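Here is coords30.tsv, consisting of TSV, C-alpha atoms:
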chain	number	residue	atom	x	y	z
Y	1	MET	CA	-49.08	-56.67	61.80
Y	2	ILE	CA	-48.13	-54.32	64.61
Y	3	ASN	CA	-50.37	-54.48	67.64
Y	4	ASN	CA	-50.71	-51.01	69.13
Y	5	GLN	CA	-53.46	-51.87	71.61
Y	6	ARG	CA	-52.85	-50.83	75.20
Y	7	PRO	CA	-53.93	-52.88	78.20
Y	8	LEU	CA	-57.51	-52.18	79.20
Y	9	LYS	CA	-56.38	-51.05	82.66
Y	10	ASN	CA	-54.81	-47.92	81.10
Y	11	TYR	CA	-58.21	-46.55	80.11
Y	12	THR	CA	-60.26	-44.47	82.50
Y	13	LEU	CA	-63.95	-45.11	82.97
Y	14	VAL	CA	-64.74	-41.78	81.29
Y	15	THR	CA	-62.72	-42.76	78.21
Y	16	LEU	CA	-64.53	-46.07	77.95
Y	17	LEU	CA	-67.90	-44.38	78.21
Y	18	LEU	CA	-66.94	-41.92	75.47
Y	19	ILE	CA	-65.78	-44.70	73.15
Y	20	CYS	CA	-68.95	-46.68	73.69
Y	21	SER	CA	-71.12	-43.63	73.07
Y	22	PHE	CA	-69.86	-43.08	69.47
Y	23	PRO	CA	-72.50	-44.04	66.90
Y	24	VAL	CA	-71.61	-46.99	64.68
Y	25	PHE	CA	-72.40	-46.45	61.00
Y	26	SER	CA	-72.53	-49.22	58.46
Y	27	GLN	CA	-69.62	-48.83	56.04
Y	28	THR	CA	-71.22	-51.08	53.43
Y	29	ASN	CA	-74.67	-51.17	51.81
Y	30	LEU	CA	-74.67	-47.38	51.95
Y	31	SER	CA	-77.49	-45.35	50.50
Y	32	ARG	CA	-76.59	-43.00	47.66
Y	33	LYS	CA	-77.07	-40.03	50.00
Y	34	LYS	CA	-74.83	-41.51	52.69
Y	35	ALA	CA	-72.17	-42.43	50.12
Y	36	ALA	CA	-72.21	-38.86	48.79
Y	37	ALA	CA	-71.79	-37.48	52.31
Y	38	ILE	CA	-68.82	-39.77	52.98
Y	39	ALA	CA	-67.28	-38.79	49.63
Y	40	THR	CA	-67.61	-35.07	50.39
Y	41	ALA	CA	-66.09	-35.48	53.84
Y	42	ALA	CA	-63.26	-37.64	52.50
Y	43	LEU	CA	-62.48	-35.17	49.73
Y	44	ASP	CA	-62.38	-32.26	52.17
Y	45	THR	CA	-60.06	-34.24	54.46
Y	46	GLN	CA	-57.68	-35.24	51.66
Y	47	ILE	CA	-57.56	-31.71	50.23
Y	48	ASN	CA	-56.65	-30.35	53.66
Y	49	LEU	CA	-53.93	-33.02	54.01
Y	50	GLN	CA	-52.55	-32.06	50.58
Y	51	LYS	CA	-52.52	-28.32	51.31
Y	52	THR	CA	-49.39	-28.15	53.45
Y	53	LYS	CA	-47.36	-30.17	50.96
Y	54	ALA	CA	-48.81	-28.35	47.95
Y	55	ALA	CA	-48.22	-24.89	49.44
Y	56	ALA	CA	-44.56	-25.69	50.10
Y	57	GLU	CA	-44.08	-27.10	46.59
Y	58	TRP	CA	-45.88	-24.18	44.93
Y	59	ALA	CA	-43.75	-21.71	46.90
Y	60	ALA	CA	-40.50	-23.51	46.03
Y	61	LYS	CA	-41.61	-24.02	42.41
Y	62	GLN	CA	-40.54	-27.65	42.52
Y	63	ILE	CA	-42.00	-31.06	43.31
Y	64	GLN	CA	-39.85	-33.77	44.83
Y	65	TYR	CA	-40.53	-37.46	44.26
Y	66	LYS	CA	-37.92	-39.81	45.74
Y	67	ASN	CA	-34.62	-38.70	44.14
Y	68	TYR	CA	-36.27	-36.75	41.33
Y	69	THR	CA	-37.00	-33.02	41.29
Y	70	LEU	CA	-39.49	-31.42	38.91
Y	71	LYS	CA	-38.92	-27.66	38.75
Y	72	PHE	CA	-41.71	-25.60	37.24
Y	73	THR	CA	-43.14	-22.18	36.55
Y	74	THR	CA	-46.77	-21.16	36.38
Y	75	ARG	CA	-48.60	-18.29	34.76
Y	76	ILE	CA	-52.27	-17.49	35.27
Y	77	PHE	CA	-54.40	-16.31	32.35
Y	78	GLY	CA	-57.91	-14.86	32.58
Y	79	ASP	CA	-60.48	-14.86	35.33
Y	80	LYS	CA	-61.29	-18.05	37.18
Y	81	PRO	CA	-64.50	-19.68	35.88
Y	82	ALA	CA	-67.18	-20.73	38.34
Y	83	ASN	CA	-66.39	-24.41	37.70
Y	84	GLY	CA	-62.63	-24.00	38.28
Y	85	ARG	CA	-59.57	-23.13	36.26
Y	86	SER	CA	-58.05	-25.07	33.37
Y	87	LEU	CA	-54.53	-26.50	33.62
Y	88	TYR	CA	-52.17	-26.73	30.64
Y	89	ILE	CA	-49.04	-28.82	31.25
Y	90	SER	CA	-46.54	-27.75	28.57
Y	91	LEU	CA	-43.46	-29.95	27.98
Y	92	HIS	CA	-40.25	-28.47	26.56
Y	93	GLY	CA	-37.92	-29.91	23.94
Y	94	GLY	CA	-34.30	-30.98	24.20
Y	95	GLY	CA	-33.69	-34.50	25.44
Y	96	GLY	CA	-30.45	-36.41	25.79
Y	97	THR	CA	-28.20	-33.40	25.66
Y	98	ALA	CA	-26.39	-30.95	27.93
Y	99	SER	CA	-28.36	-29.52	30.86
Y	100	LYS	CA	-27.89	-25.99	29.56
Y	101	VAL	CA	-29.62	-26.95	26.30
Y	102	ASN	CA	-32.62	-28.34	28.15
Y	103	ASP	CA	-32.62	-25.25	30.37
Y	104	GLN	CA	-32.76	-23.05	27.27
Y	105	GLN	CA	-35.61	-25.14	25.85
Y	106	TRP	CA	-37.46	-24.78	29.16
Y	107	GLU	CA	-37.08	-21.00	28.95
Y	108	ASN	CA	-38.42	-21.05	25.39
Y	109	GLN	CA	-41.44	-23.18	26.38
Y	110	LYS	CA	-42.43	-20.64	29.03
Y	111	LYS	CA	-43.12	-18.06	26.31
Y	112	LEU	CA	-44.36	-20.36	23.56
Y	113	TYR	CA	-48.14	-20.37	24.16
Y	114	GLN	CA	-50.76	-17.92	25.38
Y	115	LEU	CA	-54.03	-18.97	26.99
Y	116	LYS	CA	-57.40	-17.28	27.12
Y	117	GLU	CA	-57.96	-18.85	30.55
Y	118	GLY	CA	-56.10	-21.23	32.78
Y	119	VAL	CA	-52.89	-22.12	34.55
Y	120	TYR	CA	-49.94	-22.46	32.16
Y	121	PHE	CA	-47.68	-24.95	33.90
Y	122	VAL	CA	-44.21	-25.41	32.41
Y	123	PRO	CA	-42.04	-28.05	34.11
Y	124	ARG	CA	-38.31	-28.57	33.66
Y	125	ALA	CA	-37.64	-32.26	32.94
Y	126	PRO	CA	-36.18	-34.00	36.01
Y	127	VAL	CA	-33.47	-35.68	33.89
Y	128	ASP	CA	-31.55	-34.94	30.67
Y	129	ALA	CA	-32.48	-37.95	28.57
Y	130	TRP	CA	-34.21	-38.67	25.28
Y	131	ASN	CA	-37.21	-40.14	27.12
Y	132	MET	CA	-37.20	-37.54	29.90
Y	133	TRP	CA	-40.96	-36.92	29.69
Y	134	HIS	CA	-42.25	-40.47	29.64
Y	135	ASP	CA	-39.90	-42.57	31.72
Y	136	TYR	CA	-40.27	-43.31	35.44
Y	137	PRO	CA	-41.38	-41.41	37.52
Y	138	MET	CA	-43.28	-38.98	35.26
Y	139	ASP	CA	-46.65	-40.62	35.99
Y	140	GLU	CA	-46.19	-40.10	39.72
Y	141	LEU	CA	-44.95	-36.53	39.23
Y	142	ILE	CA	-47.88	-35.63	36.99
Y	143	SER	CA	-50.28	-37.05	39.58
Y	144	GLU	CA	-48.75	-34.73	42.17
Y	145	VAL	CA	-48.85	-31.76	39.78
Y	146	VAL	CA	-52.57	-32.22	39.21
Y	147	LYS	CA	-53.36	-32.72	42.91
Y	148	ASP	CA	-51.34	-29.63	43.85
Y	149	ALA	CA	-53.05	-27.58	41.14
Y	150	ILE	CA	-56.49	-28.66	42.37
Y	151	VAL	CA	-55.57	-27.48	45.87
Y	152	MET	CA	-53.58	-24.35	45.05
Y	153	GLU	CA	-55.32	-22.97	41.95
Y	154	ASP	CA	-58.80	-24.51	42.15
Y	155	VAL	CA	-58.16	-26.42	38.93
Y	156	ASN	CA	-61.05	-28.45	37.57
Y	157	PRO	CA	-59.70	-31.99	36.92
Y	158	ASP	CA	-62.00	-32.26	33.90
Y	159	LYS	CA	-60.05	-29.37	32.28
Y	160	VAL	CA	-56.44	-30.61	32.41
Y	161	TYR	CA	-54.50	-30.65	29.12
Y	162	VAL	CA	-51.06	-31.83	28.03
Y	163	MET	CA	-48.99	-30.37	25.20
Y	164	GLY	CA	-45.34	-30.53	24.18
Y	165	TYR	CA	-42.82	-29.64	21.49
Y	166	SER	CA	-40.07	-31.88	20.04
Y	167	ALA	CA	-38.90	-34.10	22.95
Y	168	GLY	CA	-41.97	-32.71	24.70
Y	169	GLY	CA	-43.98	-34.00	21.74
Y	170	ASP	CA	-42.39	-37.41	22.26
Y	171	GLY	CA	-43.67	-37.17	25.83
Y	172	VAL	CA	-47.20	-36.29	24.71
Y	173	PHE	CA	-47.27	-39.27	22.35
Y	174	GLN	CA	-46.57	-41.53	25.34
Y	175	LEU	CA	-48.32	-39.73	28.22
Y	176	ALA	CA	-51.54	-38.91	26.38
Y	177	PRO	CA	-52.62	-42.55	25.87
Y	178	ARG	CA	-50.98	-43.90	29.02
Y	179	LEU	CA	-52.64	-41.30	31.27
Y	180	ALA	CA	-55.71	-40.73	29.11
Y	181	ASP	CA	-57.95	-40.58	32.18
Y	182	TYR	CA	-56.13	-37.41	33.30
Y	183	TRP	CA	-56.61	-35.27	30.19
Y	184	GLY	CA	-59.39	-33.25	28.63
Y	185	ALA	CA	-57.42	-33.27	25.36
Y	186	ALA	CA	-53.80	-33.52	24.18
Y	187	SER	CA	-51.63	-31.72	21.63
Y	188	MET	CA	-48.40	-33.10	20.14
Y	189	MET	CA	-45.94	-30.80	18.36
Y	190	ALA	CA	-42.99	-32.09	16.31
Y	191	GLY	CA	-42.48	-35.32	18.22
Y	192	HIS	CA	-42.00	-39.01	17.50
Y	193	PRO	CA	-44.70	-41.61	18.35
Y	194	GLY	CA	-42.34	-44.47	19.15
Y	195	ASP	CA	-44.33	-47.41	20.55
Y	196	ALA	CA	-47.23	-45.35	21.98
Y	197	GLN	CA	-50.51	-47.22	22.53
Y	198	ILE	CA	-52.85	-45.47	20.12
Y	199	LEU	CA	-55.97	-47.48	21.12
Y	200	ASN	CA	-55.91	-45.90	24.59
Y	201	LEU	CA	-56.88	-42.60	22.91
Y	202	LYS	CA	-60.42	-43.85	22.29
Y	203	ASN	CA	-61.96	-41.23	24.59
Y	204	LEU	CA	-59.28	-38.53	24.36
Y	205	PRO	CA	-59.25	-35.80	21.67
Y	206	PHE	CA	-55.75	-35.62	20.16
Y	207	ILE	CA	-54.26	-33.01	17.82
Y	208	ALA	CA	-50.83	-33.37	16.18
Y	209	PHE	CA	-48.54	-30.95	14.31
Y	210	VAL	CA	-45.37	-31.56	12.30
Y	211	GLY	CA	-43.36	-29.82	9.61
Y	212	GLY	CA	-43.38	-31.59	6.26
Y	213	LYS	CA	-39.60	-31.10	6.06
Y	214	ASP	CA	-38.99	-32.36	9.61
Y	215	ALA	CA	-37.31	-35.57	8.44
Y	216	ALA	CA	-35.13	-36.25	11.51
Y	217	TYR	CA	-36.13	-39.61	13.00
Y	218	HIS	CA	-38.78	-39.69	10.20
Y	219	ARG	CA	-41.03	-37.46	12.30
Y	220	ASN	CA	-42.87	-36.10	9.26
Y	221	GLU	CA	-43.69	-39.55	7.94
Y	222	LEU	CA	-44.56	-41.12	11.30
Y	223	VAL	CA	-46.84	-38.29	12.44
Y	224	ALA	CA	-48.70	-38.47	9.12
Y	225	GLN	CA	-49.05	-42.25	9.53
Y	226	TRP	CA	-50.32	-41.76	13.10
Y	227	GLY	CA	-52.97	-39.40	11.74
Y	228	LYS	CA	-54.07	-41.96	9.15
Y	229	ARG	CA	-54.35	-44.62	11.84
Y	230	LEU	CA	-56.58	-42.28	13.83
Y	231	ASP	CA	-58.64	-41.58	10.69
Y	232	SER	CA	-59.25	-45.32	10.39
Y	233	LEU	CA	-60.07	-45.77	14.08
Y	234	GLU	CA	-62.51	-42.86	14.00
Y	235	THR	CA	-64.30	-44.57	11.13
Y	236	VAL	CA	-64.51	-47.91	12.97
Y	237	TYR	CA	-65.42	-46.44	16.38
Y	238	LYS	CA	-68.02	-43.82	15.49
Y	239	GLY	CA	-67.89	-40.81	17.81
Y	240	SER	CA	-64.53	-41.81	19.28
Y	241	PHE	CA	-60.90	-41.05	18.42
Y	242	ILE	CA	-61.58	-37.35	17.87
Y	243	HIS	CA	-58.45	-35.90	16.31
Y	244	GLU	CA	-56.76	-33.56	13.87
Y	245	THR	CA	-53.40	-33.96	12.15
Y	246	HIS	CA	-51.56	-30.96	10.68
Y	247	VAL	CA	-48.57	-31.57	8.41
Y	248	TYR	CA	-47.21	-28.24	7.14
Y	249	PRO	CA	-45.44	-29.09	3.85
Y	250	ASP	CA	-42.95	-26.22	3.81
Y	251	MET	CA	-42.13	-26.18	7.53
Y	252	PRO	CA	-39.02	-27.72	9.15
Y	253	HIS	CA	-38.82	-28.77	12.82
Y	254	TRP	CA	-39.69	-25.26	13.97
Y	255	MET	CA	-43.19	-24.53	12.70
Y	256	ASN	CA	-43.03	-20.77	13.32
Y	257	ARG	CA	-45.93	-20.88	15.81
Y	258	LYS	CA	-48.44	-22.39	13.39
Y	259	ASP	CA	-49.11	-24.94	16.14
Y	260	THR	CA	-50.47	-22.28	18.52
Y	261	ILE	CA	-53.93	-22.99	17.13
Y	262	ALA	CA	-53.78	-26.00	19.42
Y	263	VAL	CA	-54.65	-23.92	22.49
Y	264	PRO	CA	-58.25	-23.01	21.57
Y	265	TRP	CA	-58.70	-26.51	20.12
Y	266	LEU	CA	-57.77	-28.07	23.46
Y	267	ALA	CA	-59.96	-25.63	25.40
Y	268	ALA	CA	-63.05	-26.77	23.47
Y	269	TYR	CA	-62.95	-30.18	25.18
Y	270	LYS	CA	-63.49	-31.46	28.69
Y	271	ARG	CA	-62.45	-34.84	29.96
Y	272	ILE	CA	-64.83	-37.76	29.65
Y	273	ALA	CA	-64.17	-39.08	33.13
Y	274	LEU	CA	-66.46	-42.12	32.90
Y	275	PRO	CA	-66.52	-43.31	29.28
Y	276	LYS	CA	-68.96	-46.09	28.48
Y	277	ASP	CA	-66.48	-47.89	26.20
Y	278	VAL	CA	-62.88	-48.24	27.40
Y	279	ILE	CA	-59.87	-49.81	25.71
Y	280	TRP	CA	-56.85	-50.17	28.00
Y	281	ILE	CA	-53.49	-51.54	26.88
Y	282	GLN	CA	-50.67	-51.55	29.42
Y	283	ASP	CA	-47.59	-49.59	28.35
Y	284	ASP	CA	-44.01	-50.22	29.45
Y	285	ILE	CA	-44.69	-47.98	32.47
Y	286	LEU	CA	-47.39	-49.95	34.25
Y	287	ARG	CA	-50.54	-48.51	35.83
Y	288	ASP	CA	-52.99	-49.97	38.32
Y	289	ARG	CA	-55.92	-47.77	37.22
Y	290	PHE	CA	-57.35	-46.43	33.99
Y	291	TYR	CA	-60.67	-44.55	34.08
Y	292	TRP	CA	-62.98	-46.91	36.05
Y	293	LEU	CA	-60.86	-50.02	35.51
Y	294	GLY	CA	-58.03	-51.36	37.62
Y	295	THR	CA	-55.66	-54.25	38.20
Y	296	PRO	CA	-53.09	-55.12	40.88
Y	297	LEU	CA	-49.80	-53.53	39.87
Y	298	GLU	CA	-47.88	-56.70	40.69
Y	299	GLU	CA	-49.90	-58.58	38.06
Y	300	ALA	CA	-49.75	-55.92	35.34
Y	301	LYS	CA	-47.69	-56.67	32.22
Y	302	GLN	CA	-46.89	-54.60	29.16
Y	303	GLY	CA	-49.25	-55.28	26.27
Y	304	LEU	CA	-52.14	-56.78	28.23
Y	305	LYS	CA	-55.43	-55.55	26.79
Y	306	VAL	CA	-58.87	-54.94	28.27
Y	307	ARG	CA	-62.01	-53.65	26.58
Y	308	VAL	CA	-65.15	-53.09	28.63
Y	309	THR	CA	-68.43	-51.37	27.77
Y	310	VAL	CA	-71.47	-50.14	29.71
Y	311	SER	CA	-75.04	-50.06	28.43
Y	312	GLY	CA	-77.77	-49.20	30.88
Y	313	ASN	CA	-76.99	-51.26	33.98
Y	314	ALA	CA	-75.04	-53.92	32.11
Y	315	ILE	CA	-71.26	-54.14	31.88
Y	316	THR	CA	-69.86	-56.25	29.05
Y	317	VAL	CA	-66.27	-57.46	29.20
Y	318	LEU	CA	-65.46	-57.82	25.51
Y	319	GLU	CA	-61.80	-58.61	26.05
Y	320	ASN	CA	-59.76	-59.16	29.20
Y	321	GLN	CA	-56.18	-60.36	29.36
Y	322	ASP	CA	-55.73	-59.37	33.01
Y	323	GLN	CA	-55.72	-62.13	35.58
Y	324	THR	CA	-57.48	-59.77	38.00
Y	325	LEU	CA	-59.65	-56.93	36.74
Y	326	TYR	CA	-61.25	-54.36	39.05
Y	327	LEU	CA	-64.46	-52.59	38.04
Y	328	TYR	CA	-64.83	-49.35	40.01
Y	329	LEU	CA	-68.45	-48.23	39.99
Y	330	ASN	CA	-70.55	-45.23	40.98
Y	331	ASP	CA	-74.02	-43.84	40.33
Y	332	ASP	CA	-72.81	-41.65	37.48
Y	333	LEU	CA	-71.69	-44.74	35.57
Y	334	LEU	CA	-74.81	-46.83	36.32
Y	335	ASN	CA	-77.62	-47.13	38.88
Y	336	LEU	CA	-76.35	-48.88	42.00
Y	337	ASN	CA	-79.88	-48.97	43.43
Y	338	LYS	CA	-80.61	-51.62	40.82
Y	339	LYS	CA	-79.02	-54.94	39.93
Y	340	VAL	CA	-75.82	-54.75	37.89
Y	341	THR	CA	-75.39	-57.29	35.11
Y	342	ILE	CA	-71.92	-58.51	34.12
Y	343	ILE	CA	-71.45	-60.26	30.78
Y	344	ILE	CA	-68.17	-62.03	30.01
Y	345	ASN	CA	-67.50	-63.93	26.79
Y	346	GLY	CA	-71.15	-63.51	25.85
Y	347	LYS	CA	-72.38	-65.13	29.07
Y	348	LYS	CA	-74.25	-63.44	31.92
Y	349	VAL	CA	-72.13	-64.24	34.98
Y	350	PHE	CA	-73.52	-61.75	37.51
Y	351	ASN	CA	-76.86	-60.04	38.12
Y	352	LYS	CA	-77.00	-58.57	41.61
Y	353	LYS	CA	-76.91	-55.30	43.46
Y	354	VAL	CA	-73.39	-54.06	44.21
Y	355	PRO	CA	-73.20	-52.42	47.66
Y	356	ARG	CA	-71.69	-49.00	48.10
Y	357	ASN	CA	-68.65	-49.16	50.35
Y	358	ALA	CA	-66.95	-46.43	52.37
Y	359	ASP	CA	-63.49	-47.99	51.95
Y	360	VAL	CA	-63.78	-47.82	48.16
Y	361	ILE	CA	-64.85	-44.18	48.41
Y	362	ARG	CA	-61.91	-43.17	50.59
Y	363	GLU	CA	-59.44	-45.13	48.47
Y	364	SER	CA	-60.49	-43.41	45.25
Y	365	VAL	CA	-60.55	-39.96	46.86
Y	366	ALA	CA	-57.02	-40.37	48.23
Y	367	ALA	CA	-55.70	-41.57	44.87
Y	368	ARG	CA	-56.66	-38.51	42.84
Y	369	LEU	CA	-58.53	-35.76	44.78
Y	370	ASP	CA	-60.74	-35.94	41.71
Y	371	ARG	CA	-64.45	-35.39	42.24
Y	372	SER	CA	-65.31	-36.98	38.89
Y	373	LEU	CA	-63.45	-40.20	39.75
Y	374	ILE	CA	-64.86	-40.93	43.18
Y	375	PHE	CA	-66.10	-44.50	43.18
Y	376	THR	CA	-68.52	-45.98	45.66
Y	377	ALA	CA	-68.43	-49.68	44.77
Y	378	LYS	CA	-66.07	-52.28	43.34
Y	379	LEU	CA	-66.34	-55.65	41.65
Y	380	ILE	CA	-63.43	-58.03	41.19
Y	381	ILE	CA	-63.11	-60.30	38.16
Y	382	LYS	CA	-60.55	-63.09	38.51
Y	383	ASN	CA	-59.77	-65.30	35.56
Y	384	ASN	CA	-62.87	-63.91	33.85
Y	385	GLU	CA	-65.20	-64.90	36.69
Y	386	VAL	CA	-66.76	-62.47	39.17
Y	387	ALA	CA	-65.06	-63.11	42.47
Y	388	PRO	CA	-67.30	-63.58	45.55
Y	389	ARG	CA	-67.50	-60.56	47.84
Serialized structure, structure tokens:
Amino acid sequence: MINNQRPLKNYTLVTLLLICSFPVFSQTNLSRKKAAAIATAALDTQINLQKTKAAAEWAAKQIQYKNYTLKFTTRIFGDKPANGRSLYISLHGGGGTASKVNDQQWENQKKLYQLKEGVYFVPRAPVDAWNMWHDYPMDELISEVVKDAIVMEDVNPDKVYVMGYSAGGDGVFQLAPRLADYWGAASMMAGHPGDAQILNLKNLPFIAFVGGKDAAYHRNELVAQWGKRLDSLETVYKGSFIHETHVYPDMPHWMNRKDTIAVPWLAAYKRIALPKDVIWIQDDILRDRFYWLGTPLEEAKQGLKVRVTVSGNAITVLENQDQTLYLYLNDDLLNLNKKVTIIINGKKVFNKKVPRNADVIRESVAARLDRSLIFTAKLIIKNNEVAPR
């Protein structure tokens, strides 16, 4: 730790008096009103900090992350609604081919879909590779895209959608479940599911399109199978796994714009920011947060599964393979003025009030600039026991 304190003799008497006169506010055990005030102030501060960076990136039409550059174009459709614009992130095809081919696919994607309302955001993949839309660092780039769009276009984070064609469809298959807490809905066109984690789609509407004659990489067969898996999951988890699957028997890889019906389908949904039943399976690109759950990134491993539910003021951990599991809480998820019950393996292990904390508020604001995912309290479960605070 670096010690930046100066010797006391360097301070004037006036400075000392000013420091001592500042009011000291409790940063824990906050009231709901005080927590809301801190959240509003923190959000305003973070948005202002993002503005300079976002304005430069929006002007240059590119976002830089380490050695990766995401070029993009935007087009605005319709008047801005009172609750903010929608954002459609549209991923082009191509893949592991020559740059000029991917450039041509990017140009095609710019004209492929029309919106009734929203920001049509078309990025150019930062690399020319088969997995260009779902390898590192796409998660980080998408996070910056959404934050910039909130600042620059007044985008409502509950109305962010992802769609993609061919290699872009491959990307949607991976990014939709992995980043499910970002999307209002997702649309996959003519892609390949690979090893995507379908259970993470529990709270995310998903529509898929493929030509019945699109046999390359068995896309036609695998998309149809994906749809049947979702049919089964929707039956088991009533009210979840909302989806549609369209296989056009006479269509090849190019579906002649039949997939454009996806746009109004997507627009009909808004994100469920705080679902009461969450399934989270870590993908090969690891995450430290998913909806209102979290885990230290250094402990995360591909394939680890968590399922947690909320009913009233009780949280039930039905399955947890994480060594450390964070529960991020707020008063939209449950009532923090009352005791919170935690049940693990069928046993009540916690029944106390969870204090609102300013540090948790500021941390969640900085992570996303997302009003719907501002958390005011946090519980830590280690080895399936609630850790002492």
Which polymer residues have any atom within 12 Å of an atom of Y:Trp265, counting all atoms listed in the file, with same-chain residues fewer than 4 positions away left out, as a CSV table (one decimal) with C-alpha atoms, keeping the file's coordinate frame?
chain,number,residue,atom,x,y,z
Y,115,LEU,CA,-54.0,-19.0,27.0
Y,116,LYS,CA,-57.4,-17.3,27.1
Y,161,TYR,CA,-54.5,-30.6,29.1
Y,163,MET,CA,-49.0,-30.4,25.2
Y,184,GLY,CA,-59.4,-33.2,28.6
Y,185,ALA,CA,-57.4,-33.3,25.4
Y,186,ALA,CA,-53.8,-33.5,24.2
Y,187,SER,CA,-51.6,-31.7,21.6
Y,205,PRO,CA,-59.2,-35.8,21.7
Y,206,PHE,CA,-55.8,-35.6,20.2
Y,207,ILE,CA,-54.3,-33.0,17.8
Y,208,ALA,CA,-50.8,-33.4,16.2
Y,242,ILE,CA,-61.6,-37.4,17.9
Y,243,HIS,CA,-58.4,-35.9,16.3
Y,244,GLU,CA,-56.8,-33.6,13.9
Y,259,ASP,CA,-49.1,-24.9,16.1
Y,260,THR,CA,-50.5,-22.3,18.5
Y,261,ILE,CA,-53.9,-23.0,17.1
Y,269,TYR,CA,-63.0,-30.2,25.2
Y,270,LYS,CA,-63.5,-31.5,28.7
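All protein and nucleic acid residues in the vicinity of (-67.7, -63.9, 36.5), that is within 6 Å when counting all atoms listed in the file, are Val349, Asn384, Glu385 and Val386 of chain Y.
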Spatial neighbours of Y:Leu318, 7 Å, only C-alpha atoms, chain gap at least 5 places, as a short mmCIF file (atom, residue, chain, number, x, y, z; two decimals) with C-alpha atoms, in the coordinates of the input:
data_model
loop_
_atom_site.label_atom_id
_atom_site.label_comp_id
_atom_site.auth_asym_id
_atom_site.auth_seq_id
_atom_site.Cartn_x
_atom_site.Cartn_y
_atom_site.Cartn_z
CA ARG Y 307 -62.01 -53.65 26.58
CA VAL Y 308 -65.15 -53.09 28.63
CA ILE Y 344 -68.17 -62.03 30.01
CA ASN Y 345 -67.50 -63.93 26.79
#
Give me the residues of stretch 162-210 of chain Y that have any atom at most 12 Å from an atom of stretch 136-151 of chain Y; for each, the nearest atom pair and the distance in Å, rounded to one decimal. Use only C-alpha atoms, sort by chain and number, and format it as JSON lines.
{"residue": "Y:Val162", "atom": "CA", "partner": "Y:Ile142", "partner_atom": "CA", "distance": 10.2}
{"residue": "Y:Gly171", "atom": "CA", "partner": "Y:Met138", "partner_atom": "CA", "distance": 9.6}
{"residue": "Y:Val172", "atom": "CA", "partner": "Y:Met138", "partner_atom": "CA", "distance": 11.6}
{"residue": "Y:Gln174", "atom": "CA", "partner": "Y:Asp139", "partner_atom": "CA", "distance": 10.7}
{"residue": "Y:Leu175", "atom": "CA", "partner": "Y:Asp139", "partner_atom": "CA", "distance": 8.0}
{"residue": "Y:Ala176", "atom": "CA", "partner": "Y:Asp139", "partner_atom": "CA", "distance": 10.9}
{"residue": "Y:Pro177", "atom": "CA", "partner": "Y:Asp139", "partner_atom": "CA", "distance": 11.9}
{"residue": "Y:Arg178", "atom": "CA", "partner": "Y:Asp139", "partner_atom": "CA", "distance": 8.8}
{"residue": "Y:Leu179", "atom": "CA", "partner": "Y:Asp139", "partner_atom": "CA", "distance": 7.7}
{"residue": "Y:Ala180", "atom": "CA", "partner": "Y:Asp139", "partner_atom": "CA", "distance": 11.4}
{"residue": "Y:Asp181", "atom": "CA", "partner": "Y:Ser143", "partner_atom": "CA", "distance": 11.2}
{"residue": "Y:Tyr182", "atom": "CA", "partner": "Y:Ser143", "partner_atom": "CA", "distance": 8.6}
{"residue": "Y:Trp183", "atom": "CA", "partner": "Y:Val146", "partner_atom": "CA", "distance": 10.3}
Pick out the residues sitting within 8 Å of Y:Pro296, and hand them over as a PDB file with C-alpha atoms, keeping the file's coordinate frame; count all atoms listed in the file, and ignore anything fewer than 4 positions along from it in its own chain.
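Dumped everything to part_4.pdb:
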ATOM      1  CA  ASP Y 288     -52.990 -49.970  38.320  1.00  0.00           C
ATOM      2  CA  ALA Y 300     -49.750 -55.920  35.340  1.00  0.00           C
ATOM      3  CA  THR Y 324     -57.480 -59.770  38.000  1.00  0.00           C
ATOM      4  CA  LEU Y 325     -59.650 -56.930  36.740  1.00  0.00           C
TER       5      LEU Y 325
END
Discussion item. So that I can see what lies close to Y:Ala37, please list as number ranges by chain the residues with an atom at most 12 Å from it, counting only C-alpha atoms and leaving out residues fewer than 6 positions away in the same chain.
Written reply: Y: 30-31, 43-44, 358, 361-362, 374, 376
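Among the candidate residues Y:Arg124, Y:Lys71, Y:Lys33, Y:Lys238, the one lying nearest to Y:Gly168 is Y:Arg124, with distances computed using all atoms listed in the file.
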Fill in: Residue neighbourhood Y:Glu153, 12 Å, only C-alpha atoms, exclusion window fewer than 6 positions, as a PyMOL selection string
chain Y and resi 51+54-55+58+74-77+79-81+83-87+118-121+145-147
Fill in: Two-atom distance - atom CA of Y:Ala367, atom CA of Y:Lys159 (Å)
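Atom CA of Y:Lys159 lies 18.1 Å from atom CA of Y:Ala367.
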Worksheet entry | For atom CA of Y:Thr341 and atom CA of Y:Ala314, the interatomic separation in Å (one decimal) | 4.5 Å
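In this structure, atom CA of Y:Asn203 sits 17.5 Å away from atom CA of Y:Thr316.
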Please define a box with edges along x, y and z of the file around all atoms of stretch 51-60 of chain Y given in the file, extend it by 6 Å on each side, and return its centre and edge lengths in Å to one decimal, as JSON.
{"center_x": -46.5, "center_y": -25.9, "center_z": 49.2, "size_x": 24.0, "size_y": 20.5, "size_z": 20.5}
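Each of Y:Tyr65, Y:Ile281, Y:Asn29, Y:Leu70 was compared to Y:Leu336 using all atoms listed in the file, and Y:Asn29 turns out to be the nearest.
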